[in-house]
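What follows is one structure encoded as structure tokens, with my remarks underneath.
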Amino acid sequence: MADNNKQRTALVTGGTRGIGRGICELLKERGFNVVAGYGGDARKAEEFTSETQIPAYQWDVADFNGCQKSVEEISSNHGPVTVLVNNAGITKDGTLKKMTYDNWMAVIQTNLTSVFNMSKACWDGMLEDKFGRIVNISSVNGQAGQYGQVNYCAAKAGVIGMGKAMAQEGARYGITVNTVAPGYVATEMVAAVPENVLEKIVKTIPVGRLGDSSEIAHAVAYLVREDSKFISGSTISINGGQHMY
């Protein structure tokens with residue numbers, strides 16, 4: 001198992017912080033050849049690489065051509081990408097009444113179109129290798145909805161539907177596609193939520209706390225294993241019991 005992992009290059013978008021960093025670190029521990037992608041804050045990315053010894057590449061996941069070029073460069077430098085974790089995401093919250101078209105499109109492009117861009121860039125290589133593992137990171141808010149997040153909820157719900165369709169297309173070629181839908185996890189994004197609002201959110205979580213990025217990472221690590229080949233088109237909810245269905 002470990003030897004096979006060392007032959008697999010795993011690419012994690014939004015991989016230098018938060019949930020993405022947790023995924024990168026665990027996959028490296030499990031023997032994968034891990035590469036992180038990031039969109040901004042080069043200083044943080046440099047610190048990440050220094051601390052983890054995981055290389056980080058910068059590009060905009062909303063840019064189709066940029067994704068193609070970056071995957072080509074990463075594949076050339078580190079080997080074909082046969083494990084892809086689509087984790088990159090942003091928020092630009094606001095009620096429908098107040099939301100601007102630009103804020104709608106920014107979130108849709110970064111959180112949803114990026115999954116198409118990155119999966120498309122890696123798909124042919126996975127077909128050629130007859131092996132692929134794609135894990136898309138959705139959200140509890142893509143399942144349950146959330147006031148003031150019509151853009152984010154639409155994108156994260158779209159990720160789930162896209163993953164099911166991709167799973168059907170990849171099944172006969174050894175490519176699995178699954179989705180992980182985290183609840184509220186202690187990351188910088190969640191830390192930006194006003195404290196009084198966050199307290200109310202935690203009260204709605206039956207286990208009584210925020211999640212940890214490592215708890216999301218363990219689910220991803222399970223889904224990308226070589227022997228997880230019968231799991232495809234699934235959505236794993238990790239939200240402390242906040243939303244069940």
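Each chain in the structure tokens gets a letter, A, B and so on, in the order shown; residues start at 1 in every chain, and ligands are counted from 1 in the order they appear.
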For this session: Please identify which residues in segment 67-245 of chain A DSSP calls strand (DSSP E or B) from the backbone, and express them as a ChimeraX atom specification.
Result: /A:81-86,94,132-137,149,175-182,185,211,235-238
For this session: Would you mind listing what lies within 9 Å of Ala221 of chain A as a list in words, with only C-alpha atoms counted and same-chain residues fewer than 4 positions away left out?
Result: Ile23, Leu26, Leu27, Arg30, Ile216, Ala217 and Arg225 of chain A
Do you have, as a Markdown table, the list of residues of segment 139-208 of chain A lying at most 8 Å from segment 84-102 of chain A, each with its nearest atom pair and that distance in Å to one decimal, counting only C-alpha atoms and ordered by chain then number?
| residue | atom | partner | partner_atom | distance |
| --- | --- | --- | --- | --- |
| A:Tyr147 | CA | A:Thr95 | CA | 7.1 |
| A:Gly148 | CA | A:Thr95 | CA | 4.2 |
| A:Gln149 | CA | A:Asp93 | CA | 5.2 |
| A:Val150 | CA | A:Leu96 | CA | 6.7 |
| A:Asn151 | CA | A:Asp93 | CA | 7.6 |
| A:Tyr152 | CA | A:Thr91 | CA | 6.4 |
The selected residues should be written to file as a PDB file, in the first residue's frame (atoms: N, CA and C atoms).
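As a result, result-v2.pdb now contains:
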ATOM      1  N   TYR A 147     -28.462  31.031   5.335  1.00  0.00           N
ATOM      2  CA  TYR A 147     -28.877  32.424   5.119  1.00  0.00           C
ATOM      3  C   TYR A 147     -27.673  33.272   4.713  1.00  0.00           C
ATOM      4  N   GLY A 148     -27.834  34.065   3.677  1.00  0.00           N
ATOM      5  CA  GLY A 148     -26.782  34.986   3.262  1.00  0.00           C
ATOM      6  C   GLY A 148     -25.672  34.352   2.451  1.00  0.00           C
ATOM      7  N   GLN A 149     -25.899  33.122   1.962  1.00  0.00           N
ATOM      8  CA  GLN A 149     -24.852  32.444   1.198  1.00  0.00           C
ATOM      9  C   GLN A 149     -25.414  31.801  -0.069  1.00  0.00           C
ATOM     10  N   VAL A 150     -26.242  32.497  -0.801  1.00  0.00           N
ATOM     11  CA  VAL A 150     -26.838  31.883  -1.995  1.00  0.00           C
ATOM     12  C   VAL A 150     -25.774  31.467  -3.002  1.00  0.00           C
ATOM     13  N   ASN A 151     -24.702  32.253  -3.113  1.00  0.00           N
ATOM     14  CA  ASN A 151     -23.635  31.913  -4.053  1.00  0.00           C
ATOM     15  C   ASN A 151     -22.854  30.679  -3.585  1.00  0.00           C
ATOM     16  N   TYR A 152     -22.453  30.687  -2.341  1.00  0.00           N
ATOM     17  CA  TYR A 152     -21.660  29.593  -1.777  1.00  0.00           C
ATOM     18  C   TYR A 152     -22.462  28.285  -1.765  1.00  0.00           C
TER      19      TYR A 152
END
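Among the candidate residues A:Gly40, A:Gly174, A:Pro206, A:Gly211, the one lying nearest to Phe131 of chain A is A:Gly174, with distances computed using only C-alpha atoms.
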For this session: Work out how far apart atom CA of Leu198 of chain A and atom CA of Ser214 of chain A are and give it in Å to one decimal.
Result: 20.4 Å
Write out as an mmCIF file with N, CA and C atoms, in the first residue's frame which residues come within 8 Å of Tyr184 of chain A when counting only C-alpha atoms, dropping same-chain ones fewer than 5 positions away.
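Output file selection24.cif is given in full below:
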data_model
loop_
_atom_site.group_PDB
_atom_site.id
_atom_site.type_symbol
_atom_site.label_atom_id
_atom_site.label_comp_id
_atom_site.auth_asym_id
_atom_site.auth_seq_id
_atom_site.Cartn_x
_atom_site.Cartn_y
_atom_site.Cartn_z
ATOM 1 N N VAL A 140 -21.489 21.470 4.381
ATOM 2 C CA VAL A 140 -22.808 21.271 4.965
ATOM 3 C C VAL A 140 -23.792 22.308 4.431
ATOM 4 N N VAL A 190 -13.548 30.162 9.015
ATOM 5 C CA VAL A 190 -14.555 30.133 10.076
ATOM 6 C C VAL A 190 -14.205 31.141 11.170
ATOM 7 N N LEU A 210 -16.497 22.798 17.094
ATOM 8 C CA LEU A 210 -16.111 22.853 15.698
ATOM 9 C C LEU A 210 -15.311 21.607 15.342
ATOM 10 N N GLY A 211 -15.263 21.279 14.070
ATOM 11 C CA GLY A 211 -14.441 20.172 13.617
ATOM 12 C C GLY A 211 -12.978 20.571 13.514
ATOM 13 N N ASN A 239 -19.987 16.616 9.927
ATOM 14 C CA ASN A 239 -20.464 17.889 10.467
ATOM 15 C C ASN A 239 -20.878 17.826 11.939
#
For this session: Pull the alpha helix (DSSP H) assignments for segment 7-224 of chain A out of DSSP run on the backbone, and list those residues as a PyMOL selection string.
Result: chain A and resi 18-29+42-52+64-78+101-108+114-129+140-144+150-170+188-191+195-203+213-223
